[in-house]
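Shown below: start.cif, with mmCIF, C-alpha atoms.
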data_my_file
loop_
_atom_site.label_atom_id
_atom_site.label_comp_id
_atom_site.auth_asym_id
_atom_site.auth_seq_id
_atom_site.Cartn_x
_atom_site.Cartn_y
_atom_site.Cartn_z
CA PHE C 1 12.90 6.41 25.45
CA CYS C 2 14.61 3.02 25.11
CA VAL C 3 13.95 2.92 21.36
CA LYS C 4 15.46 6.38 20.92
CA CYS C 5 18.55 5.62 22.99
CA LEU C 6 19.27 1.96 22.23
CA CYS C 7 18.21 1.38 18.62
CA TRP C 8 20.01 2.05 15.38
CA ASP C 9 18.32 4.01 12.61
CA MET C 10 20.26 2.27 9.85
CA PRO C 11 22.13 -1.04 9.55
CA THR C 12 25.31 0.95 8.91
CA GLY C 13 25.11 3.37 11.81
CA LYS C 14 23.35 4.51 14.95
CA HIS C 15 21.81 7.63 13.43
CA TYR C 16 20.51 8.37 9.94
CA ASP C 17 22.52 11.04 8.15
CA PRO C 18 20.51 12.74 5.36
CA ARG C 19 23.76 13.81 3.70
CA ILE C 20 24.07 10.22 2.43
CA THR C 21 21.30 11.01 -0.08
CA GLY C 22 22.96 14.26 -1.17
CA LYS C 23 20.87 16.59 1.00
CA THR C 24 23.04 19.40 2.34
CA GLU C 25 20.42 21.71 3.93
CA ASN C 26 18.56 21.27 7.21
CA PRO C 27 15.01 19.88 6.96
CA SER C 28 12.28 22.44 6.40
CA VAL C 29 8.52 22.61 5.91
CA TRP C 30 9.29 23.92 2.42
CA ASP C 31 10.70 20.49 1.57
CA TYR C 32 7.09 19.26 1.43
CA TRP C 33 6.18 22.01 -1.02
CA GLU C 34 9.16 21.17 -3.21
CA VAL C 35 8.18 17.51 -3.32
CA ILE C 36 4.45 18.03 -3.87
CA LYS C 37 5.18 20.13 -6.97
CA ASP C 38 6.43 16.98 -8.69
CA PHE C 39 3.44 15.45 -10.51
CA ARG C 40 4.98 11.96 -10.22
CA VAL C 41 4.74 12.18 -6.44
CA VAL C 42 1.12 13.33 -6.64
CA VAL C 43 0.28 10.41 -8.95
CA MET C 44 2.03 8.01 -6.56
CA ILE C 45 0.01 9.44 -3.64
CA PHE C 46 -3.22 8.66 -5.50
CA GLN C 47 -2.01 5.21 -6.53
CA TYR C 48 -1.06 4.35 -2.97
CA SER C 49 -4.40 5.64 -1.73
CA ALA C 50 -6.01 3.11 -4.08
CA CYS C 51 -4.21 0.19 -2.47
CA PHE C 52 -3.50 1.03 1.19
CA GLY C 53 -6.65 3.12 1.52
CA CYS C 54 -8.64 0.20 0.20
CA GLU C 55 -6.93 -2.13 2.65
CA LEU C 56 -7.85 0.03 5.64
CA ALA C 57 -11.43 0.44 4.43
CA MET C 58 -11.79 -3.32 3.97
CA ASN C 59 -10.35 -4.00 7.41
CA ASN C 60 -13.10 -1.77 8.80
CA GLN C 61 -15.99 -3.42 6.97
CA LEU C 62 -15.21 -7.08 6.29
CA ALA C 63 -16.31 -8.68 9.55
CA THR C 64 -19.60 -6.80 9.44
CA HIS C 65 -20.03 -7.76 5.78
CA PHE C 66 -19.58 -11.48 6.44
CA ARG C 67 -21.75 -11.37 9.55
CA THR C 68 -24.72 -9.57 8.05
CA TYR C 69 -24.51 -10.67 4.42
CA PHE C 70 -23.83 -14.38 4.98
CA GLN C 71 -25.49 -14.63 8.43
CA LEU C 72 -22.34 -15.93 10.11
CA ALA C 73 -21.54 -15.86 13.82
CA ALA C 74 -19.39 -12.91 14.90
CA SER C 75 -16.40 -15.16 15.64
CA ASP C 76 -16.60 -16.88 12.24
CA ALA C 77 -17.05 -13.57 10.42
CA SER C 78 -14.02 -12.12 12.23
CA LEU C 79 -11.94 -15.16 11.33
CA LEU C 80 -12.84 -14.82 7.64
CA ALA C 81 -12.16 -11.08 7.70
CA GLY C 82 -8.79 -11.78 9.32
CA SER C 83 -7.71 -13.69 6.23
CA PHE C 84 -7.50 -10.33 4.44
CA GLY C 85 -4.91 -9.05 6.91
CA MET C 86 -3.03 -12.35 7.05
CA MET C 87 -1.96 -11.85 3.44
CA ASN C 88 0.34 -9.11 4.74
CA LEU C 89 2.69 -11.82 5.94
CA PHE C 90 4.04 -12.36 2.43
CA ALA C 91 2.11 -10.49 -0.25
CA ARG C 92 3.55 -7.00 0.30
CA SER C 93 7.10 -8.29 -0.02
CA THR C 94 6.00 -10.30 -3.07
CA GLY C 95 4.97 -7.00 -4.68
CA GLY C 96 8.40 -5.57 -3.92
CA ILE C 97 10.04 -8.63 -5.46
CA LEU C 98 7.82 -8.31 -8.55
CA SER C 99 8.81 -4.65 -8.84
CA ASP C 100 12.51 -5.57 -8.57
CA LEU C 101 12.13 -8.28 -11.22
CA GLY C 102 10.41 -5.81 -13.52
CA PHE C 103 13.28 -3.38 -12.99
CA LYS C 104 15.83 -6.09 -13.68
CA HIS C 105 14.31 -7.00 -17.03
CA LEU C 106 12.74 -3.74 -18.27
CA GLY C 107 14.37 -0.98 -16.26
CA PHE C 108 12.13 1.54 -14.48
CA PRO C 109 9.19 0.89 -16.84
CA GLY C 110 9.19 -2.64 -15.39
CA ARG C 111 8.35 -1.18 -11.99
CA ILE C 112 5.51 0.82 -13.53
CA TRP C 113 4.14 -2.24 -15.35
CA SER C 114 4.36 -4.26 -12.12
CA GLN C 115 2.27 -1.72 -10.29
CA PHE C 116 -0.16 -1.41 -13.18
CA LEU C 117 -0.63 -5.18 -13.17
CA CYS C 118 -1.20 -5.31 -9.41
CA LEU C 119 -3.65 -2.38 -9.38
CA THR C 120 -5.56 -3.82 -12.34
CA MET C 121 -5.85 -7.25 -10.74
CA GLU C 122 -6.84 -5.59 -7.45
CA SER C 123 -9.75 -3.90 -9.22
CA VAL C 124 -10.75 -7.12 -11.05
CA PHE C 125 -10.90 -9.09 -7.79
CA LEU C 126 -12.72 -6.27 -5.98
CA PHE C 127 -15.33 -6.16 -8.74
CA ALA C 128 -15.74 -9.96 -8.60
CA PHE C 129 -15.97 -9.88 -4.78
CA GLY C 130 -18.63 -7.18 -5.00
CA ASN C 131 -20.69 -9.35 -7.37
CA ILE C 132 -20.92 -12.30 -4.99
CA ASP C 133 -24.40 -12.31 -3.50
CA ASN C 134 -25.60 -14.22 -0.47
CA SER C 135 -27.22 -16.91 -2.64
CA LYS C 136 -23.72 -18.39 -2.95
CA PRO C 137 -21.83 -19.93 -0.02
CA TRP C 138 -19.41 -17.74 1.93
CA TYR C 139 -16.35 -19.62 0.67
CA PHE C 140 -16.83 -18.19 -2.84
CA ALA C 141 -16.53 -14.73 -1.34
CA LEU C 142 -13.54 -15.84 0.73
CA ALA C 143 -11.69 -17.18 -2.33
CA LEU C 144 -12.17 -13.88 -4.15
CA LEU C 145 -11.24 -11.96 -1.01
CA VAL C 146 -7.92 -13.80 -0.75
CA GLY C 147 -7.10 -12.99 -4.39
CA PHE C 148 -8.15 -9.38 -3.86
CA SER C 149 -6.03 -9.10 -0.72
CA LEU C 150 -3.03 -10.63 -2.48
CA PHE C 151 -3.08 -7.93 -5.15
CA VAL C 152 -3.86 -5.11 -2.69
CA GLN C 153 -0.76 -5.96 -0.66
CA MET C 154 1.36 -6.52 -3.76
CA ALA C 155 0.34 -3.09 -5.09
CA GLU C 156 1.57 -1.60 -1.83
CA GLY C 157 4.90 -3.36 -2.27
CA THR C 158 5.25 -2.15 -5.86
CA SER C 159 4.50 1.40 -4.70
CA TYR C 160 7.42 1.45 -2.33
CA GLY C 161 9.57 -0.13 -5.03
CA MET C 162 9.19 3.17 -6.92
CA VAL C 163 9.35 5.70 -4.06
CA PRO C 164 13.17 5.76 -3.78
CA PHE C 165 13.43 6.82 -7.42
CA MET C 166 11.12 9.85 -7.15
CA ASN C 167 13.35 12.42 -5.45
CA ARG C 168 16.43 10.91 -3.86
CA GLU C 169 17.35 14.10 -2.05
CA GLN C 170 13.90 14.29 -0.40
CA LEU C 171 13.32 10.56 0.09
CA ALA C 172 11.91 10.89 3.62
CA VAL C 173 9.39 13.52 2.53
CA VAL C 174 8.30 11.53 -0.54
CA SER C 175 7.89 8.43 1.60
CA ALA C 176 5.86 10.35 4.20
CA LEU C 177 3.55 11.91 1.61
CA VAL C 178 2.93 8.64 -0.20
CA GLY C 179 2.22 6.89 3.10
CA ALA C 180 -0.20 9.65 4.10
CA GLY C 181 -1.93 9.18 0.75
CA GLY C 182 -2.94 5.69 1.88
CA ASN C 183 -4.65 7.10 4.94
CA VAL C 184 -6.42 9.71 2.82
CA GLY C 185 -7.65 6.91 0.57
CA ALA C 186 -9.08 5.12 3.60
CA VAL C 187 -10.94 8.23 4.72
CA ILE C 188 -12.36 8.77 1.22
CA ALA C 189 -13.40 5.11 0.93
CA GLY C 190 -14.96 5.28 4.41
CA TYR C 191 -17.11 8.23 3.40
CA LEU C 192 -18.11 6.71 0.05
CA PHE C 193 -19.07 3.29 1.40
#
C-alpha cells encoding of this file:
Amino acid sequence: FCVKCLCWDMPTGKHYDPRITGKTENPSVWDYWEVIKDFRVVVMIFQYSACFGCELAMNNQLATHFRTYFQLAASDASLLAGSFGMMNLFARSTGGILSDLGFKHLGFPGRIWSQFLCLTMESVFLFAFGNIDNSKPWYFALALLVGFSLFVQMAEGTSYGMVPFMNREQLAVVSALVGAGGNVGAVIAGYLF
C-alpha cells in the first residue's frame, strides 16, 4: 500500500503515462499477441532464457554440486556457490555498458555483437566449468565459475540494452515477455539437468 501511494513510477513524474511512448489505446491482452508476432521478440525471449534461465538453474544446483562433487562442508559449498550471485553487483550493468559502447561505435549491430560475445563466452566458460572433475582442487572450478557468472550477468545486461528498440509502443509488454523467457529457461534447464 505504501509503495503504491508514496512512490514515483518514473523520475519525471508520480505515475507512468504510456502515451509518452506513442501508445494511444488502453492496454489489452491483444497487445501480447501483437508483440509475440514479431520474430525479433521471440528470438530475444530465447536468448534471455539462455542467460537468466541458466543463472536461476545454477543458483539451484551450485551448492549441492560443490558439496557432493568436491566433498566440501555445506557452509563452504554455500559460500562458493554464493560467488555466482555476487557477480550481480556489477556484471549486469557492465553488460549494459558494453551494449551502449557497441551502439556508440557500430550502431544497433554493436548491441547485437555485444550480446553475441557475451553469450559465446558464457557457453565457453560453462563448457570449461563442466569439464572440471573432482581430481582438481575446488578453486579451479571456482575460477571458471566466476568467469562464467561474469558473462551470464553481462548477457542479461546486453539483452535489456536491446529491449527498448524492439517495439517502442509496446515496451512494457516486450519487457515482460523477455523477462518471462528467463523463467522459462530456468524451468527447461531444471528439467534437463
With 7 Å as the cut-off and all atoms listed in the file counted, what is the closest atom pair between each nearby residue of segment 117-185 of chain C and segment 30-42 of chain C? Distances in Å to one decimal, ordered by chain and number, as a tab-separated table.
residue	atom	partner	partner_atom	distance
C:Met166	CA	C:Val41	CA	6.8
C:Val173	CA	C:Tyr32	CA	6.3
C:Val174	CA	C:Val35	CA	6.6
Which residues come within 8 Å of segment 122-126 of chain C, counting all atoms listed in the file, excluding same-chain residues fewer than 3 positions away, as a list in words?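 Near neighbours after the sequence-gap exclusion: Cys118, Leu119, Phe129, Gly130, Leu144, Leu145, Gly147, Phe148, Ser149, Phe151, Val152 and Ala155 of chain C.
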Could you write those residues out with C-alpha atoms, as a PDB file, in the coordinates of the input?
ATOM      1  CA  CYS C 118      -1.200  -5.310  -9.410  1.00  0.00           C
ATOM      2  CA  LEU C 119      -3.650  -2.380  -9.380  1.00  0.00           C
ATOM      3  CA  PHE C 129     -15.970  -9.880  -4.780  1.00  0.00           C
ATOM      4  CA  GLY C 130     -18.630  -7.180  -5.000  1.00  0.00           C
ATOM      5  CA  LEU C 144     -12.170 -13.880  -4.150  1.00  0.00           C
ATOM      6  CA  LEU C 145     -11.240 -11.960  -1.010  1.00  0.00           C
ATOM      7  CA  GLY C 147      -7.100 -12.990  -4.390  1.00  0.00           C
ATOM      8  CA  PHE C 148      -8.150  -9.380  -3.860  1.00  0.00           C
ATOM      9  CA  SER C 149      -6.030  -9.100  -0.720  1.00  0.00           C
ATOM     10  CA  PHE C 151      -3.080  -7.930  -5.150  1.00  0.00           C
ATOM     11  CA  VAL C 152      -3.860  -5.110  -2.690  1.00  0.00           C
ATOM     12  CA  ALA C 155       0.340  -3.090  -5.090  1.00  0.00           C
TER      13      ALA C 155
END
Kindly give the distance, in Å, that separates atom CA of Gly181 of chain C and atom CA of Thr158 of chain C, rounded to a single decimal.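 These two atoms are separated by 15.0 Å.
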Name the residues that the PyMOL selection byres ((chain C and resi 101-114) around 10) picks from the file above, as a PDB file with C-alpha atoms, keeping the file's coordinate frame, using the file's chain letters and numbers.
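The result, written out as out-v2.pdb:
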ATOM      1  CA  GLY C  95       4.970  -7.000  -4.680  1.00  0.00           C
ATOM      2  CA  GLY C  96       8.400  -5.570  -3.920  1.00  0.00           C
ATOM      3  CA  ILE C  97      10.040  -8.630  -5.460  1.00  0.00           C
ATOM      4  CA  LEU C  98       7.820  -8.310  -8.550  1.00  0.00           C
ATOM      5  CA  SER C  99       8.810  -4.650  -8.840  1.00  0.00           C
ATOM      6  CA  ASP C 100      12.510  -5.570  -8.570  1.00  0.00           C
ATOM      7  CA  GLN C 115       2.270  -1.720 -10.290  1.00  0.00           C
ATOM      8  CA  PHE C 116      -0.160  -1.410 -13.180  1.00  0.00           C
ATOM      9  CA  LEU C 117      -0.630  -5.180 -13.170  1.00  0.00           C
ATOM     10  CA  CYS C 118      -1.200  -5.310  -9.410  1.00  0.00           C
ATOM     11  CA  LEU C 119      -3.650  -2.380  -9.380  1.00  0.00           C
ATOM     12  CA  THR C 120      -5.560  -3.820 -12.340  1.00  0.00           C
ATOM     13  CA  MET C 154       1.360  -6.520  -3.760  1.00  0.00           C
ATOM     14  CA  ALA C 155       0.340  -3.090  -5.090  1.00  0.00           C
ATOM     15  CA  GLY C 157       4.900  -3.360  -2.270  1.00  0.00           C
ATOM     16  CA  THR C 158       5.250  -2.150  -5.860  1.00  0.00           C
ATOM     17  CA  SER C 159       4.500   1.400  -4.700  1.00  0.00           C
ATOM     18  CA  GLY C 161       9.570  -0.130  -5.030  1.00  0.00           C
ATOM     19  CA  MET C 162       9.190   3.170  -6.920  1.00  0.00           C
ATOM     20  CA  PHE C 165      13.430   6.820  -7.420  1.00  0.00           C
TER      21      PHE C 165
END
Restricting the calculation to all atoms listed in the file, which member of C:Glu169, C:Glu156, C:Asp133, C:Glu25 is positioned closest to Asn88 of chain C?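 For Asn88 of chain C, the nearest of the candidates is C:Glu156.
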May I ask which of the residues C:Ser135, C:Gln170, C:Ser93, C:Gln47 is the closest one to Asn183 of chain C, counting only C-alpha atoms?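 Checking each candidate against Asn183 of chain C, we get C:Gln47 as the closest.
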Could you give me, as a VMD selection string, the residues that sit within 9 Å of (-23.9, -14.5, -0.8) in the file's coordinates, counting only C-alpha atoms? chain C and resid 66 69 to 70 131 to 138 140 to 141
Save out the residues we just selected, C-alpha atoms, as a short mmCIF file (atom, residue, chain, number, x, y, z; two decimals), keeping the file's coordinate frame.
data_model
loop_
_atom_site.label_atom_id
_atom_site.label_comp_id
_atom_site.auth_asym_id
_atom_site.auth_seq_id
_atom_site.Cartn_x
_atom_site.Cartn_y
_atom_site.Cartn_z
CA PHE C 66 -19.58 -11.48 6.44
CA TYR C 69 -24.51 -10.67 4.42
CA PHE C 70 -23.83 -14.38 4.98
CA ASN C 131 -20.69 -9.35 -7.37
CA ILE C 132 -20.92 -12.30 -4.99
CA ASP C 133 -24.40 -12.31 -3.50
CA ASN C 134 -25.60 -14.22 -0.47
CA SER C 135 -27.22 -16.91 -2.64
CA LYS C 136 -23.72 -18.39 -2.95
CA PRO C 137 -21.83 -19.93 -0.02
CA TRP C 138 -19.41 -17.74 1.93
CA PHE C 140 -16.83 -18.19 -2.84
CA ALA C 141 -16.53 -14.73 -1.34
#
Would you translate the PyMOL selection byres ((chain C and resi 81) around 9) into the concrete set of residues it matches in this file, as a count of residues only? 19
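Minimum distance to Gly182 of chain C across C:Phe127, C:Pro164, C:Phe52, C:Ala73 (counting only C-alpha atoms) occurs at C:Phe52.
With only C-alpha atoms as the atoms that count, the residue of C:Ala50, C:Ala143, C:Val163, C:Ala128 with the shortest distance to Ala186 of chain C is C:Ala50.
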Grab the atom CA of Phe193 of chain C to atom CA of Ala57 of chain C distance for me, in Å with one decimal place.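 Going from atom CA of Phe193 of chain C over to atom CA of Ala57 of chain C, I get 8.7 Å.
When only C-alpha atoms are used to measure the gap to Leu72 of chain C, the shortest distance among C:Leu150, C:Ala172, C:Leu177, C:Tyr139 belongs to C:Tyr139.
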Report, in Å to a single decimal, how far apart atom CA of Tyr160 of chain C and atom CA of Ser175 of chain C are.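 Atom CA of Tyr160 of chain C lies 8.0 Å from atom CA of Ser175 of chain C.
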Could you rebuild segment 26-47 of chain C with N, CA, C and O atoms and give it back as a PDB file, in the frame of the given file?
ATOM      1  N   ASN C  26      19.370  21.798   6.111  1.00  0.00           N
ATOM      2  CA  ASN C  26      18.560  21.270   7.210  1.00  0.00           C
ATOM      3  C   ASN C  26      17.120  21.069   6.745  1.00  0.00           C
ATOM      4  O   ASN C  26      16.639  21.783   5.863  1.00  0.00           O
ATOM      5  N   PRO C  27      16.399  20.108   7.347  1.00  0.00           N
ATOM      6  CA  PRO C  27      15.010  19.880   6.960  1.00  0.00           C
ATOM      7  C   PRO C  27      14.155  21.121   7.190  1.00  0.00           C
ATOM      8  O   PRO C  27      14.392  21.902   8.111  1.00  0.00           O
ATOM      9  N   SER C  28      13.157  21.272   6.334  1.00  0.00           N
ATOM     10  CA  SER C  28      12.280  22.440   6.400  1.00  0.00           C
ATOM     11  C   SER C  28      10.877  22.039   5.952  1.00  0.00           C
ATOM     12  O   SER C  28      10.706  21.064   5.212  1.00  0.00           O
ATOM     13  N   VAL C  29       9.896  22.819   6.363  1.00  0.00           N
ATOM     14  CA  VAL C  29       8.520  22.610   5.910  1.00  0.00           C
ATOM     15  C   VAL C  29       8.439  22.808   4.402  1.00  0.00           C
ATOM     16  O   VAL C  29       7.632  22.179   3.714  1.00  0.00           O
ATOM     17  N   TRP C  30       9.287  23.655   3.859  1.00  0.00           N
ATOM     18  CA  TRP C  30       9.290  23.920   2.420  1.00  0.00           C
ATOM     19  C   TRP C  30       9.714  22.703   1.614  1.00  0.00           C
ATOM     20  O   TRP C  30       9.448  22.629   0.411  1.00  0.00           O
ATOM     21  N   ASP C  31      10.354  21.723   2.262  1.00  0.00           N
ATOM     22  CA  ASP C  31      10.700  20.490   1.570  1.00  0.00           C
ATOM     23  C   ASP C  31       9.436  19.792   1.056  1.00  0.00           C
ATOM     24  O   ASP C  31       9.428  19.224  -0.032  1.00  0.00           O
ATOM     25  N   TYR C  32       8.360  19.864   1.847  1.00  0.00           N
ATOM     26  CA  TYR C  32       7.090  19.260   1.430  1.00  0.00           C
ATOM     27  C   TYR C  32       6.547  19.950   0.183  1.00  0.00           C
ATOM     28  O   TYR C  32       6.036  19.305  -0.717  1.00  0.00           O
ATOM     29  N   TRP C  33       6.654  21.261   0.144  1.00  0.00           N
ATOM     30  CA  TRP C  33       6.180  22.010  -1.020  1.00  0.00           C
ATOM     31  C   TRP C  33       6.989  21.659  -2.260  1.00  0.00           C
ATOM     32  O   TRP C  33       6.444  21.485  -3.342  1.00  0.00           O
ATOM     33  N   GLU C  34       8.303  21.536  -2.082  1.00  0.00           N
ATOM     34  CA  GLU C  34       9.160  21.170  -3.210  1.00  0.00           C
ATOM     35  C   GLU C  34       8.782  19.809  -3.770  1.00  0.00           C
ATOM     36  O   GLU C  34       8.713  19.607  -4.986  1.00  0.00           O
ATOM     37  N   VAL C  35       8.501  18.868  -2.887  1.00  0.00           N
ATOM     38  CA  VAL C  35       8.180  17.510  -3.320  1.00  0.00           C
ATOM     39  C   VAL C  35       6.789  17.441  -3.948  1.00  0.00           C
ATOM     40  O   VAL C  35       6.591  16.782  -4.967  1.00  0.00           O
ATOM     41  N   ILE C  36       5.822  18.123  -3.375  1.00  0.00           N
ATOM     42  CA  ILE C  36       4.450  18.030  -3.870  1.00  0.00           C
ATOM     43  C   ILE C  36       4.279  18.692  -5.231  1.00  0.00           C
ATOM     44  O   ILE C  36       3.321  18.413  -5.951  1.00  0.00           O
ATOM     45  N   LYS C  37       5.234  19.526  -5.636  1.00  0.00           N
ATOM     46  CA  LYS C  37       5.180  20.130  -6.970  1.00  0.00           C
ATOM     47  C   LYS C  37       5.498  19.124  -8.068  1.00  0.00           C
ATOM     48  O   LYS C  37       5.205  19.373  -9.230  1.00  0.00           O
ATOM     49  N   ASP C  38       6.093  18.010  -7.723  1.00  0.00           N
ATOM     50  CA  ASP C  38       6.430  16.980  -8.690  1.00  0.00           C
ATOM     51  C   ASP C  38       5.186  16.121  -8.964  1.00  0.00           C
ATOM     52  O   ASP C  38       4.686  15.433  -8.070  1.00  0.00           O
ATOM     53  N   PHE C  39       4.675  16.162 -10.188  1.00  0.00           N
ATOM     54  CA  PHE C  39       3.440  15.450 -10.510  1.00  0.00           C
ATOM     55  C   PHE C  39       3.569  13.946 -10.297  1.00  0.00           C
ATOM     56  O   PHE C  39       2.590  13.266  -9.993  1.00  0.00           O
ATOM     57  N   ARG C  40       4.782  13.401 -10.428  1.00  0.00           N
ATOM     58  CA  ARG C  40       4.980  11.960 -10.220  1.00  0.00           C
ATOM     59  C   ARG C  40       4.664  11.575  -8.787  1.00  0.00           C
ATOM     60  O   ARG C  40       4.096  10.509  -8.527  1.00  0.00           O
ATOM     61  N   VAL C  41       5.026  12.447  -7.853  1.00  0.00           N
ATOM     62  CA  VAL C  41       4.740  12.180  -6.440  1.00  0.00           C
ATOM     63  C   VAL C  41       3.236  12.237  -6.202  1.00  0.00           C
ATOM     64  O   VAL C  41       2.673  11.389  -5.498  1.00  0.00           O
ATOM     65  N   VAL C  42       2.570  13.211  -6.803  1.00  0.00           N
ATOM     66  CA  VAL C  42       1.120  13.330  -6.640  1.00  0.00           C
ATOM     67  C   VAL C  42       0.421  12.084  -7.203  1.00  0.00           C
ATOM     68  O   VAL C  42      -0.497  11.534  -6.576  1.00  0.00           O
ATOM     69  N   VAL C  43       0.861  11.620  -8.366  1.00  0.00           N
ATOM     70  CA  VAL C  43       0.280  10.410  -8.950  1.00  0.00           C
ATOM     71  C   VAL C  43       0.525   9.219  -8.028  1.00  0.00           C
ATOM     72  O   VAL C  43      -0.377   8.401  -7.792  1.00  0.00           O
ATOM     73  N   MET C  44       1.719   9.124  -7.467  1.00  0.00           N
ATOM     74  CA  MET C  44       2.030   8.010  -6.560  1.00  0.00           C
ATOM     75  C   MET C  44       1.171   8.082  -5.287  1.00  0.00           C
ATOM     76  O   MET C  44       0.746   7.046  -4.765  1.00  0.00           O
ATOM     77  N   ILE C  45       0.893   9.289  -4.809  1.00  0.00           N
ATOM     78  CA  ILE C  45       0.010   9.440  -3.640  1.00  0.00           C
ATOM     79  C   ILE C  45      -1.360   8.855  -3.956  1.00  0.00           C
ATOM     80  O   ILE C  45      -1.934   8.104  -3.159  1.00  0.00           O
ATOM     81  N   PHE C  46      -1.904   9.184  -5.126  1.00  0.00           N
ATOM     82  CA  PHE C  46      -3.220   8.660  -5.500  1.00  0.00           C
ATOM     83  C   PHE C  46      -3.185   7.156  -5.738  1.00  0.00           C
ATOM     84  O   PHE C  46      -4.132   6.452  -5.382  1.00  0.00           O
ATOM     85  N   GLN C  47      -2.110   6.658  -6.315  1.00  0.00           N
ATOM     86  CA  GLN C  47      -2.010   5.210  -6.530  1.00  0.00           C
ATOM     87  C   GLN C  47      -1.935   4.473  -5.193  1.00  0.00           C
ATOM     88  O   GLN C  47      -2.560   3.440  -5.016  1.00  0.00           O
TER      89      GLN C  47
END
